[in-house]
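Shown next: structure-v7.tsv, given as TSV, C-alpha atoms.
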```tsv
chain	number	residue	atom	x	y	z
A	1	MET	CA	117.47	100.58	99.02
A	2	LYS	CA	115.57	99.99	102.27
A	3	ALA	CA	112.02	98.67	102.21
A	4	MET	CA	109.16	99.29	104.63
A	5	ILE	CA	106.16	96.99	105.06
A	6	LEU	CA	103.06	98.70	106.43
A	7	ALA	CA	101.56	96.46	109.11
A	8	ALA	CA	99.89	98.79	111.60
A	9	GLY	CA	96.28	98.63	110.42
A	10	ARG	CA	93.58	97.32	112.78
A	11	GLY	CA	91.94	95.18	110.08
A	12	GLU	CA	88.34	96.04	111.01
A	13	ARG	CA	86.90	94.29	107.94
A	14	MET	CA	88.79	91.14	108.91
A	15	ARG	CA	87.15	90.84	112.33
A	16	PRO	CA	86.76	88.58	114.23
A	17	LEU	CA	90.01	87.10	112.82
A	18	THR	CA	91.96	90.25	113.69
A	19	ASP	CA	90.64	90.40	117.26
A	20	VAL	CA	93.33	87.90	118.23
A	21	MET	CA	95.80	88.09	115.32
A	22	PRO	CA	97.27	91.11	113.49
A	23	LYS	CA	96.18	91.06	109.86
A	24	PRO	CA	99.71	90.64	108.41
A	25	LEU	CA	100.07	87.34	110.30
A	26	LEU	CA	96.88	85.82	108.86
A	27	GLU	CA	97.84	82.88	106.69
A	28	ALA	CA	97.22	82.06	103.04
A	29	GLY	CA	98.88	79.22	101.20
A	30	GLY	CA	100.45	77.96	104.41
A	31	LYS	CA	102.30	81.12	105.47
A	32	PRO	CA	101.50	84.57	106.88
A	33	LEU	CA	100.70	87.33	104.38
A	34	ILE	CA	103.69	89.39	105.52
A	35	VAL	CA	106.09	86.47	105.03
A	36	TRP	CA	105.19	86.31	101.32
A	37	HIS	CA	106.35	89.94	101.10
A	38	ILE	CA	109.53	89.37	103.09
A	39	GLU	CA	110.57	86.40	100.97
A	40	ARG	CA	109.85	88.20	97.70
A	41	LEU	CA	111.76	91.29	98.85
A	42	ALA	CA	114.71	89.17	99.98
A	43	ARG	CA	114.90	87.44	96.59
A	44	ALA	CA	114.99	90.87	94.94
A	45	GLY	CA	117.90	92.02	97.09
A	46	PHE	CA	116.03	94.13	99.65
A	47	THR	CA	117.68	93.03	102.87
A	48	GLU	CA	117.08	96.02	105.18
A	49	LEU	CA	113.41	96.00	106.16
A	50	ILE	CA	111.39	98.23	108.46
A	51	ILE	CA	107.97	97.08	109.66
A	52	ASN	CA	105.57	99.37	111.50
A	53	HIS	CA	102.91	97.98	113.79
A	54	ALA	CA	100.28	99.01	116.31
A	55	HIS	CA	97.45	96.53	116.95
A	56	LEU	CA	98.94	93.35	118.50
A	57	GLY	CA	102.33	94.48	117.27
A	58	GLU	CA	104.17	92.35	119.81
A	59	LYS	CA	102.88	89.27	117.99
A	60	ILE	CA	104.43	90.51	114.74
A	61	GLU	CA	107.82	90.98	116.42
A	62	ALA	CA	107.58	87.58	118.10
A	63	ALA	CA	106.70	85.85	114.82
A	64	LEU	CA	109.33	87.51	112.61
A	65	GLY	CA	112.14	88.34	115.01
A	66	ASP	CA	115.16	90.11	113.56
A	67	GLY	CA	114.56	88.61	110.11
A	68	ARG	CA	117.70	86.50	110.09
A	69	ARG	CA	115.89	83.29	109.15
A	70	PHE	CA	114.56	85.05	106.03
A	71	GLY	CA	117.99	86.35	105.06
A	72	VAL	CA	117.11	89.96	105.93
A	73	SER	CA	117.44	92.44	108.77
A	74	ILE	CA	114.14	93.64	110.27
A	75	ARG	CA	113.69	96.68	112.47
A	76	TYR	CA	110.37	97.78	113.90
A	77	SER	CA	108.59	101.11	114.17
A	78	ALA	CA	106.00	100.80	116.92
A	79	GLU	CA	102.92	103.04	116.97
A	80	ILE	CA	100.63	103.45	119.98
A	81	GLU	CA	97.74	103.80	117.55
A	82	ALA	CA	97.85	103.43	113.79
A	83	LEU	CA	99.04	106.69	112.19
A	84	GLU	CA	97.69	106.14	108.64
A	85	THR	CA	100.12	105.57	105.77
A	86	ALA	CA	102.00	108.88	105.62
A	87	GLY	CA	102.01	109.20	109.41
A	88	GLY	CA	103.45	105.71	109.78
A	89	ILE	CA	106.15	106.40	107.21
A	90	ALA	CA	107.07	109.75	108.81
A	91	ASN	CA	107.26	108.09	112.22
A	92	ALA	CA	109.72	105.53	110.83
A	93	MET	CA	111.90	108.10	109.09
A	94	PRO	CA	114.86	107.75	111.52
A	95	LEU	CA	115.05	104.08	110.48
A	96	LEU	CA	114.49	104.74	106.77
A	97	GLY	CA	117.28	107.27	106.34
A	98	PRO	CA	117.96	110.00	103.75
A	99	GLU	CA	117.66	108.00	100.52
A	100	PRO	CA	114.55	106.95	98.54
A	101	PHE	CA	112.91	103.83	99.95
A	102	LEU	CA	110.33	101.25	98.95
A	103	VAL	CA	107.00	100.89	100.78
A	104	VAL	CA	104.66	97.90	100.47
A	105	ASN	CA	101.21	97.53	102.01
A	106	GLY	CA	101.20	94.50	104.27
A	107	ASP	CA	97.64	93.46	103.40
A	108	ILE	CA	98.05	92.86	99.67
A	109	PHE	CA	99.23	89.84	97.71
A	110	CYS	CA	101.07	90.55	94.48
A	111	ASP	CA	103.41	88.71	92.11
A	112	TYR	CA	105.21	91.92	91.18
A	113	ASP	CA	108.94	91.44	90.59
A	114	PHE	CA	110.65	93.98	92.85
A	115	THR	CA	113.88	93.72	90.86
A	116	GLY	CA	112.17	95.78	88.15
A	117	LEU	CA	111.77	98.85	90.33
A	118	PRO	CA	113.84	101.93	89.48
A	119	ARG	CA	116.68	102.48	91.95
A	120	GLU	CA	116.94	106.17	91.05
A	121	LEU	CA	113.94	108.51	90.99
A	122	GLY	CA	115.49	111.29	88.90
A	123	GLU	CA	112.96	114.14	88.64
A	124	TYR	CA	110.29	112.28	90.60
A	125	SER	CA	109.31	112.48	94.26
A	126	ALA	CA	107.52	109.14	94.05
A	127	TRP	CA	107.13	106.09	91.82
A	128	LEU	CA	103.89	104.10	92.04
A	129	VAL	CA	102.91	100.65	90.82
A	130	LEU	CA	99.34	100.65	89.50
A	131	VAL	CA	97.17	97.62	88.76
A	132	ASP	CA	93.90	96.82	86.99
A	133	ASN	CA	90.82	97.85	88.94
A	134	PRO	CA	89.36	95.04	91.07
A	135	ASP	CA	85.61	94.46	91.21
A	136	HIS	CA	85.36	96.13	94.61
A	137	HIS	CA	87.12	99.30	93.37
A	138	PRO	CA	85.98	99.79	89.75
A	139	GLY	CA	86.66	103.53	89.62
A	140	GLY	CA	90.37	103.23	90.26
A	141	ASP	CA	92.62	105.84	91.88
A	142	PHE	CA	95.00	107.47	89.41
A	143	ALA	CA	95.65	107.71	85.69
A	144	LEU	CA	98.91	106.77	83.98
A	145	ARG	CA	100.06	108.73	80.95
A	146	GLN	CA	103.48	108.36	79.32
A	147	GLY	CA	105.07	107.14	82.53
A	148	LYS	CA	103.55	109.83	84.75
A	149	VAL	CA	100.85	109.24	87.35
A	150	LEU	CA	98.04	111.81	87.33
A	151	ASP	CA	95.10	112.50	89.60
A	152	ASP	CA	92.75	112.94	86.65
A	153	GLY	CA	92.34	110.87	83.53
A	154	GLU	CA	89.81	108.98	81.48
A	155	HIS	CA	91.07	105.49	82.35
A	156	LYS	CA	92.08	105.28	85.99
A	157	LEU	CA	93.97	102.38	87.53
A	158	THR	CA	94.19	101.24	91.15
A	159	PHE	CA	97.19	102.04	93.32
A	160	SER	CA	98.70	98.70	94.31
A	161	GLY	CA	100.13	99.80	97.64
A	162	ILE	CA	103.67	99.48	96.24
A	163	GLY	CA	105.69	102.67	95.81
A	164	ILE	CA	109.09	104.31	96.10
A	165	TYR	CA	109.30	107.66	97.86
A	166	ARG	CA	111.79	110.38	98.59
A	167	PRO	CA	112.02	111.22	102.30
A	168	GLU	CA	111.34	114.87	101.48
A	169	LEU	CA	107.77	113.92	100.55
A	170	PHE	CA	107.03	113.48	104.28
A	171	ALA	CA	108.94	116.49	105.61
A	172	ALA	CA	105.78	118.33	106.65
A	173	VAL	CA	104.37	115.37	108.61
A	174	ALA	CA	105.25	115.54	112.30
A	175	ARG	CA	106.46	112.33	113.91
A	176	GLY	CA	103.61	110.71	115.80
A	177	ALA	CA	100.92	112.56	113.82
A	178	LYS	CA	98.26	110.86	111.74
A	179	ALA	CA	98.50	111.66	108.02
A	180	MET	CA	97.19	110.17	104.81
A	181	LEU	CA	99.39	109.51	101.78
A	182	ALA	CA	97.00	110.46	98.97
A	183	PRO	CA	97.00	114.26	99.58
A	184	LEU	CA	100.82	114.32	99.52
A	185	LEU	CA	100.87	112.35	96.27
A	186	ARG	CA	98.22	114.50	94.60
A	187	GLU	CA	100.22	117.62	95.38
A	188	GLN	CA	103.25	116.09	93.66
A	189	MET	CA	101.13	114.83	90.75
A	190	ALA	CA	99.98	118.39	90.10
A	191	ALA	CA	103.65	119.32	89.71
A	192	GLY	CA	104.34	116.36	87.39
A	193	ARG	CA	106.64	114.73	89.92
A	194	VAL	CA	105.10	111.25	90.27
A	195	GLY	CA	106.14	108.47	87.90
A	196	GLY	CA	104.75	104.99	87.68
A	197	GLU	CA	104.02	101.76	85.86
A	198	HIS	CA	101.16	99.37	85.20
A	199	HIS	CA	101.58	95.88	86.65
A	200	ARG	CA	99.30	93.48	84.80
A	201	GLY	CA	99.98	90.39	86.89
A	202	LEU	CA	98.36	88.99	90.01
A	203	TRP	CA	97.28	91.48	92.68
A	204	LEU	CA	94.77	91.10	95.47
A	205	ASP	CA	93.72	93.43	98.27
A	206	VAL	CA	93.32	90.90	101.08
A	207	GLY	CA	90.92	93.09	103.02
A	208	THR	CA	88.11	90.69	103.96
A	209	PRO	CA	87.83	87.08	105.20
A	210	GLU	CA	86.29	86.13	101.85
A	211	ARG	CA	89.29	87.45	99.90
A	212	LEU	CA	91.65	85.73	102.33
A	213	ARG	CA	89.87	82.43	101.66
A	214	GLN	CA	90.01	83.13	97.92
A	215	LEU	CA	93.76	83.72	98.08
A	216	ASP	CA	94.34	80.65	100.25
A	217	TYR	CA	92.39	78.46	97.83
A	218	MET	CA	94.33	79.84	94.87
A	219	LEU	CA	97.73	79.35	96.53
A	220	GLN	CA	96.92	75.87	97.79
A	221	ASN	CA	95.78	74.80	94.31
A	222	THR	CA	98.87	76.33	92.71
A	223	SER	CA	101.10	74.49	95.18
A	224	GLN	CA	99.29	71.19	94.58
A	225	SER	CA	99.51	71.61	90.81
A	226	ARG	CA	103.25	72.26	91.09
A	227	MET	CA	103.71	69.15	93.23
A	228	ASN	CA	101.75	67.04	90.74
A	229	THR	CA	103.85	68.37	87.88
A	230	ASP	CA	107.08	67.57	89.73
A	231	GLU	CA	105.90	64.02	90.45
A	232	HIS	CA	105.36	63.33	86.76
A	233	ARG	CA	108.71	64.61	85.59
```
Rewritten as structure tokens:
Amino acid sequence: MKAMILAAGRGERMRPLTDVMPKPLLEAGGKPLIVWHIERLARAGFTELIINHAHLGEKIEAALGDGRRFGVSIRYSAEIEALETAGGIANAMPLLGPEPFLVVNGDIFCDYDFTGLPRELGEYSAWLVLVDNPDHHPGGDFALRQGKVLDDGEHKLTFSGIGIYRPELFAAVARGAKAMLAPLLREQMAAGRVGGEHHRGLWLDVGTPERLRQLDYMLQNTSQSRMNTDEHR
């Protein structure tokens, strides 16, 4: 299964950091956000990656290259201006191919184990990973009931930005057009064609400088604790 990392956003809330650096290349714990994704995907066996970009996209290509040093193959889908999530995916469809594929938001940090994802979608058009609602998004996005993701429900969870999709989901989106993902998903939810799961581990939307600092502090402390443990063995 191919995997796509979404990296085309301008990162307005991250300014002034993103005036000179694309958000996926901002560092936490000693490495760029997008590299954490690439390494985790590689360990799970996802070796064919597609990365879209727009703002300062040439810096992303220069930093990551063809992916060989990470043990993967990376191809790029360049956008003149960011096309939103569905638009970016539709624009990359020639690289993604005819089979279901994984998509990961480039501006999140998550300890989700990608090896647990279903490799076959069966009756579903999409499979979403949902997480507990963060303080900045208490209302959540979607409900999860008996393995199906619904637009309405009493206890909503937050969409993590990790999902598997059939190419047909984006058939009506013209290449190069801006399009949001949520309306496409809600249409499929109404037909009972979106499955999902609840990931209860670490997840962070790294959308502001404060959250980036929070993540960096957490990762640095985790790394130091691990080093101290190893020294005393």
(request) Have a look at A:Pro100, A:Pro16, A:Ala42, A:Asn221 and name the one nearest to A:Asp113; count all atoms listed in the file. (result)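 Using all atoms listed in the file, the shortest distance to A:Asp113 belongs to A:Ala42.
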(message) Using all atoms listed in the file for the distances, tell me which of A:Val20, A:Ala177, A:Ile34, A:Leu25 is nearest to A:Glu81.
(response) A:Ala177
(request) Would you list the contacts of A:Leu102 as JSON, numbers by chain, taking every protein, DNA or RNA residue within 12 Å and counting all atoms listed in the file, but skipping same-chain residues closer than 6 positions in sequence? (result) {"A": [1, 2, 3, 4, 5, 6, 41, 46, 47, 48, 49, 50, 51, 89, 96, 114, 115, 117, 118, 119, 120, 121, 126, 127, 128, 129, 161, 162, 163, 164, 165, 166, 167]}
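Look at everything within 8 Å of (108.3, 97.3, 114.5) using only C-alpha atoms, and the residues you get are Ile50, Ile51, Asn52, His53, Gly57, Ile60, Glu61, Arg75, Tyr76, Ser77 and Ala78 of chain A.
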(request) Rank nothing, just name the residue among A:Thr222, A:Arg211, A:Thr158, A:Arg175 nearest to A:Pro94, using all atoms listed in the file. (result)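 Looking only at the distances to A:Pro94, the closest residue turns out to be A:Arg175.
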(request) Just give me the gap between atom CA of A:Met189 and atom CA of A:Phe142 in Å, one decimal is fine. (result) 9.7 Å
(request) Identify which of the residues A:Tyr112, A:Glu79, A:Gly71, A:Gly11 lies closest to A:Gly45, counting all atoms listed in the file when measuring atom-to-atom distances. (result)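 For A:Gly45, the nearest of the candidates is A:Gly71.
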